[in-house]
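Everything on this sheet refers to the single structure shown next.
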Amino acid sequence: MSENFPDHPAALSSTPTDLSLLLRPSPPGAPTDVVRMHPRNGFLLWADLPPVLVLGSSGGSGATTTALGIAGAAAYDYGEHSPIVVDATTTGGDLAARGCDTIDAAGTVQSWLNMTHRSLPSTVIDSCGENSSGVGVLPRGPEALPRRETYSSVHRDLVEAGCLPVYDGGAPVTNRMVAPLLCDSRISLVITLAARPDAVNRLKPALIWLDDNYSQYHLAEAIIVVTRQHPKDGPLVTDHVRKYLGDVVRAVAEIPYDAHLGAGGPISWRRLAPPTRSAYRQLVNLMR
């Protein structure tokens with residue numbers, strides 16, 4: 001009987017190795033793990049954080065500051081990770097100027113890709129600039145990536161090095177450099193929106209393009225972040241987006257106006273106002 005029916009108890013008893021696999025504890029980060037409570041402000045401490053791609057719905061929407069804020073919050077709450085903010089714009093943005101408040105970057109995405117052992121943690125660190133919050137910053141130059149390299153290989157090697165990549169894709173969302181990252185459903189998508197009525201008008205075609213090219217299911221996991229960039233910016237834009245897009249995307253979050261961000265210089269996590277730091281930490285939690 002056991003030969004004809006593999007599911008027979010006699011057959012199962014003859015394969016103790018298979019049964020022992022079922023009795024093993026679940027690996028770290030499995031859904032059955034107990035979720036621990038963070039000691040500060042009731043934040044949840046998860047085993048893993050997802051990589052992040054930040055795209056601007058239009059120019060000046062706060063993609064760079066949001067990417068740095070997410071990485072700073074990740075370094076603050078989850079110190080065992082190594083957040084690296086990576087410039088994924090088409091020709092290089094101001095990530096190095098805004099992100100390196102301690103040590104300037106010694107390399108770029110292009111020079112790092114040309115290194116022999118680029119997936120080693122030490123190689124990544126040597127190429128990055130440093131931020132006082134413990135965040136690495138990897139800018140890019142205006143030249144093209146080395147032959148046959150894409151941000152897919154960038155992501156693969158950074159993950160292999162044990163980093164938590166946060167990509168500053170800038171604007172527009174049609175940036176061809178980030179296409180490999182958009183195709184990876186394991187990378188969280190954040191779309192920034194300036195708290196201005198004209199910016200809301202430019203958000204619609206950006207969302208339509210993402211829907212047409214990556215489907216509504218991909219967009220449904222995205223988070224829209226409204227950035228207040230002026231002292232007079234109020235909650236109207238955020239309320240409007242939540243009303244009309246709250247059921248379309250995963251969540252709508254808001255970053256309050258912060259004089260330190262508005263100054264336009266290097267960003268230090270410690271110099272951000274407490275409500276701003278709290279908003280970035282809440283944004284990181286929304287990704288889980």
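Naming works like this for the structure tokens: A, B, ... for the chains as they're shown, residue 1 at the start of each chain, ligands 1 onward in shown order.
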Selection: 6 Å around segment 220-233 of chain A, only C-alpha atoms, excl. self and same-chain fewer than 3 positions, as a PDB file with N, CA, C and O atoms, in the first residue's frame:
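So out.pdb came out as:
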```pdb
ATOM      1  N   LEU A 189       7.846  51.728  -3.657  1.00  0.00           N
ATOM      2  CA  LEU A 189       7.777  52.918  -4.498  1.00  0.00           C
ATOM      3  C   LEU A 189       7.169  54.072  -3.711  1.00  0.00           C
ATOM      4  O   LEU A 189       6.073  53.954  -3.160  1.00  0.00           O
ATOM      5  N   VAL A 190       7.888  55.192  -3.672  1.00  0.00           N
ATOM      6  CA  VAL A 190       7.419  56.416  -3.028  1.00  0.00           C
ATOM      7  C   VAL A 190       7.381  57.511  -4.088  1.00  0.00           C
ATOM      8  O   VAL A 190       8.360  57.717  -4.808  1.00  0.00           O
ATOM      9  N   ILE A 191       6.250  58.194  -4.196  1.00  0.00           N
ATOM     10  CA  ILE A 191       6.075  59.272  -5.166  1.00  0.00           C
ATOM     11  C   ILE A 191       5.889  60.573  -4.393  1.00  0.00           C
ATOM     12  O   ILE A 191       4.954  60.696  -3.594  1.00  0.00           O
ATOM     13  N   THR A 192       6.777  61.533  -4.626  1.00  0.00           N
ATOM     14  CA  THR A 192       6.700  62.801  -3.894  1.00  0.00           C
ATOM     15  C   THR A 192       5.893  63.827  -4.671  1.00  0.00           C
ATOM     16  O   THR A 192       5.891  63.851  -5.907  1.00  0.00           O
ATOM     17  N   LEU A 193       5.225  64.674  -3.927  1.00  0.00           N
ATOM     18  CA  LEU A 193       4.349  65.697  -4.494  1.00  0.00           C
ATOM     19  C   LEU A 193       4.491  66.967  -3.666  1.00  0.00           C
ATOM     20  O   LEU A 193       4.286  66.946  -2.455  1.00  0.00           O
ATOM     21  N   ALA A 194       4.864  68.065  -4.311  1.00  0.00           N
ATOM     22  CA  ALA A 194       4.946  69.344  -3.600  1.00  0.00           C
ATOM     23  C   ALA A 194       3.544  69.803  -3.226  1.00  0.00           C
ATOM     24  O   ALA A 194       2.579  69.570  -3.962  1.00  0.00           O
ATOM     25  N   ALA A 195       3.428  70.437  -2.070  1.00  0.00           N
ATOM     26  CA  ALA A 195       2.114  70.866  -1.566  1.00  0.00           C
ATOM     27  C   ALA A 195       1.666  72.146  -2.270  1.00  0.00           C
ATOM     28  O   ALA A 195       1.467  73.190  -1.654  1.00  0.00           O
ATOM     29  N   GLN A 216      -2.089  48.792 -12.472  1.00  0.00           N
ATOM     30  CA  GLN A 216      -2.709  49.392 -11.292  1.00  0.00           C
ATOM     31  C   GLN A 216      -2.304  48.664 -10.022  1.00  0.00           C
ATOM     32  O   GLN A 216      -2.309  49.242  -8.935  1.00  0.00           O
ATOM     33  N   TYR A 217      -1.930  47.397 -10.137  1.00  0.00           N
ATOM     34  CA  TYR A 217      -1.556  46.635  -8.949  1.00  0.00           C
ATOM     35  C   TYR A 217      -0.203  47.110  -8.412  1.00  0.00           C
ATOM     36  O   TYR A 217       0.039  47.113  -7.202  1.00  0.00           O
ATOM     37  N   VAL A 248      -6.548  54.459  -4.187  1.00  0.00           N
ATOM     38  CA  VAL A 248      -5.796  54.030  -5.363  1.00  0.00           C
ATOM     39  C   VAL A 248      -4.399  53.565  -4.990  1.00  0.00           C
ATOM     40  O   VAL A 248      -3.875  52.612  -5.566  1.00  0.00           O
ATOM     41  N   VAL A 249      -3.797  54.223  -4.002  1.00  0.00           N
ATOM     42  CA  VAL A 249      -2.440  53.899  -3.580  1.00  0.00           C
ATOM     43  C   VAL A 249      -2.462  53.280  -2.187  1.00  0.00           C
ATOM     44  O   VAL A 249      -3.509  53.227  -1.527  1.00  0.00           O
ATOM     45  N   ARG A 250      -1.302  52.838  -1.762  1.00  0.00           N
ATOM     46  CA  ARG A 250      -1.206  52.186  -0.453  1.00  0.00           C
ATOM     47  C   ARG A 250      -1.459  53.157   0.688  1.00  0.00           C
ATOM     48  O   ARG A 250      -2.117  52.823   1.672  1.00  0.00           O
ATOM     49  N   ALA A 251      -0.897  54.369   0.572  1.00  0.00           N
ATOM     50  CA  ALA A 251      -1.064  55.361   1.634  1.00  0.00           C
ATOM     51  C   ALA A 251      -0.689  56.730   1.091  1.00  0.00           C
ATOM     52  O   ALA A 251       0.012  56.859   0.081  1.00  0.00           O
ATOM     53  N   VAL A 252      -1.167  57.761   1.781  1.00  0.00           N
ATOM     54  CA  VAL A 252      -0.790  59.143   1.499  1.00  0.00           C
ATOM     55  C   VAL A 252      -0.202  59.709   2.788  1.00  0.00           C
ATOM     56  O   VAL A 252      -0.864  59.710   3.832  1.00  0.00           O
ATOM     57  N   ALA A 253       1.041  60.155   2.724  1.00  0.00           N
ATOM     58  CA  ALA A 253       1.728  60.693   3.894  1.00  0.00           C
ATOM     59  C   ALA A 253       2.102  62.149   3.633  1.00  0.00           C
ATOM     60  O   ALA A 253       2.021  62.639   2.506  1.00  0.00           O
ATOM     61  N   GLU A 254       2.530  62.826   4.682  1.00  0.00           N
ATOM     62  CA  GLU A 254       2.889  64.241   4.561  1.00  0.00           C
ATOM     63  C   GLU A 254       4.141  64.532   5.379  1.00  0.00           C
ATOM     64  O   GLU A 254       4.295  64.029   6.494  1.00  0.00           O
ATOM     65  N   ILE A 255       5.037  65.315   4.789  1.00  0.00           N
ATOM     66  CA  ILE A 255       6.220  65.803   5.501  1.00  0.00           C
ATOM     67  C   ILE A 255       5.994  67.275   5.785  1.00  0.00           C
ATOM     68  O   ILE A 255       5.814  68.068   4.858  1.00  0.00           O
ATOM     69  N   PRO A 256       5.980  67.697   7.045  1.00  0.00           N
ATOM     70  CA  PRO A 256       5.699  69.104   7.364  1.00  0.00           C
ATOM     71  C   PRO A 256       6.833  70.021   6.923  1.00  0.00           C
ATOM     72  O   PRO A 256       7.953  69.565   6.652  1.00  0.00           O
ATOM     73  N   TYR A 257       6.530  71.305   6.866  1.00  0.00           N
ATOM     74  CA  TYR A 257       7.579  72.266   6.539  1.00  0.00           C
ATOM     75  C   TYR A 257       8.642  72.254   7.634  1.00  0.00           C
ATOM     76  O   TYR A 257       8.333  72.206   8.823  1.00  0.00           O
TER      77      TYR A 257
END
```
- request: Please report, as a VMD selection string, each residue of segment 147-205 of chain A to which DSSP assigns helix (DSSP H, G or I) when run on this structure's backbone.
  value: chain A and resid 151 to 160 176 to 182 197 to 205
Write out as JSON lines a residue-level contact list of segment 134-178 of chain A versus segment 122-125 of chain A with cut-off 12 Å: for each qualifying residue the closest pair of atoms and the distance in Å to one decimal, counting only C-alpha atoms, rows sorted by chain and residue number upward.
```
{"residue": "A:Gly134", "atom": "CA", "partner": "A:Ile125", "partner_atom": "CA", "distance": 11.3}
{"residue": "A:Val135", "atom": "CA", "partner": "A:Ile125", "partner_atom": "CA", "distance": 10.2}
{"residue": "A:Gly136", "atom": "CA", "partner": "A:Ile125", "partner_atom": "CA", "distance": 7.2}
{"residue": "A:Val137", "atom": "CA", "partner": "A:Ile125", "partner_atom": "CA", "distance": 9.0}
{"residue": "A:Leu138", "atom": "CA", "partner": "A:Val124", "partner_atom": "CA", "distance": 8.5}
{"residue": "A:Pro139", "atom": "CA", "partner": "A:Val124", "partner_atom": "CA", "distance": 11.9}
{"residue": "A:Val154", "atom": "CA", "partner": "A:Val124", "partner_atom": "CA", "distance": 10.8}
{"residue": "A:His155", "atom": "CA", "partner": "A:Val124", "partner_atom": "CA", "distance": 12.0}
{"residue": "A:Asp157", "atom": "CA", "partner": "A:Val124", "partner_atom": "CA", "distance": 9.3}
{"residue": "A:Leu158", "atom": "CA", "partner": "A:Val124", "partner_atom": "CA", "distance": 7.6}
{"residue": "A:Val159", "atom": "CA", "partner": "A:Val124", "partner_atom": "CA", "distance": 10.8}
{"residue": "A:Glu160", "atom": "CA", "partner": "A:Val124", "partner_atom": "CA", "distance": 10.7}
{"residue": "A:Ala161", "atom": "CA", "partner": "A:Val124", "partner_atom": "CA", "distance": 7.6}
{"residue": "A:Gly162", "atom": "CA", "partner": "A:Val124", "partner_atom": "CA", "distance": 9.9}
{"residue": "A:Cys163", "atom": "CA", "partner": "A:Val124", "partner_atom": "CA", "distance": 8.8}
{"residue": "A:Leu164", "atom": "CA", "partner": "A:Val124", "partner_atom": "CA", "distance": 11.8}
{"residue": "A:Pro165", "atom": "CA", "partner": "A:Val124", "partner_atom": "CA", "distance": 11.4}
```
field: From A:Ala73, A:Gly169, A:Ile187, A:Tyr214, residue lying nearest Gln282 of chain A [only C-alpha atoms]
entry: A:Ala73
Within 10 Å of Leu113 of chain A, counting only C-alpha atoms, which residues show up once you throw out same-chain ones fewer than 6 positions away? Write them as a short mmCIF file (atom, residue, chain, number, x, y, z; two decimals) with N, CA, C and O atoms, in the first residue's frame, please.
```cif
data_model
loop_
_atom_site.label_atom_id
_atom_site.label_comp_id
_atom_site.auth_asym_id
_atom_site.auth_seq_id
_atom_site.Cartn_x
_atom_site.Cartn_y
_atom_site.Cartn_z
N GLY A 107 33.72 58.63 -4.52
CA GLY A 107 33.45 58.06 -5.84
C GLY A 107 32.04 58.37 -6.29
O GLY A 107 31.31 59.13 -5.66
N SER A 119 30.93 44.41 -4.74
CA SER A 119 29.90 43.91 -3.83
C SER A 119 30.40 43.69 -2.41
O SER A 119 29.65 43.22 -1.55
N VAL A 124 31.96 49.45 -1.06
CA VAL A 124 30.82 50.38 -1.11
C VAL A 124 31.08 51.56 -0.18
O VAL A 124 30.89 52.73 -0.57
N LEU A 145 26.39 55.15 -17.51
CA LEU A 145 26.91 54.03 -16.73
C LEU A 145 27.86 53.20 -17.60
O LEU A 145 27.76 53.23 -18.83
N PRO A 146 28.79 52.48 -16.98
CA PRO A 146 29.68 51.62 -17.78
C PRO A 146 28.90 50.66 -18.65
O PRO A 146 27.74 50.33 -18.37
N ARG A 147 29.52 50.19 -19.70
CA ARG A 147 28.87 49.36 -20.71
C ARG A 147 28.19 48.14 -20.07
O ARG A 147 28.79 47.45 -19.26
N GLU A 149 25.94 47.94 -17.91
CA GLU A 149 25.52 48.08 -16.52
C GLU A 149 24.21 48.85 -16.45
O GLU A 149 23.97 49.78 -17.23
N THR A 150 23.34 48.46 -15.53
CA THR A 150 22.08 49.15 -15.27
C THR A 150 21.89 49.25 -13.76
O THR A 150 22.70 48.73 -12.98
N SER A 153 21.96 45.88 -11.86
CA SER A 153 23.22 45.37 -11.33
C SER A 153 23.68 46.20 -10.13
O SER A 153 24.28 45.67 -9.19
N VAL A 154 23.38 47.51 -10.13
CA VAL A 154 23.66 48.34 -8.97
C VAL A 154 22.94 47.79 -7.74
O VAL A 154 23.53 47.59 -6.67
N ASP A 157 24.30 44.29 -6.44
CA ASP A 157 25.57 44.31 -5.70
C ASP A 157 25.45 45.04 -4.37
O ASP A 157 26.14 44.69 -3.41
#
```
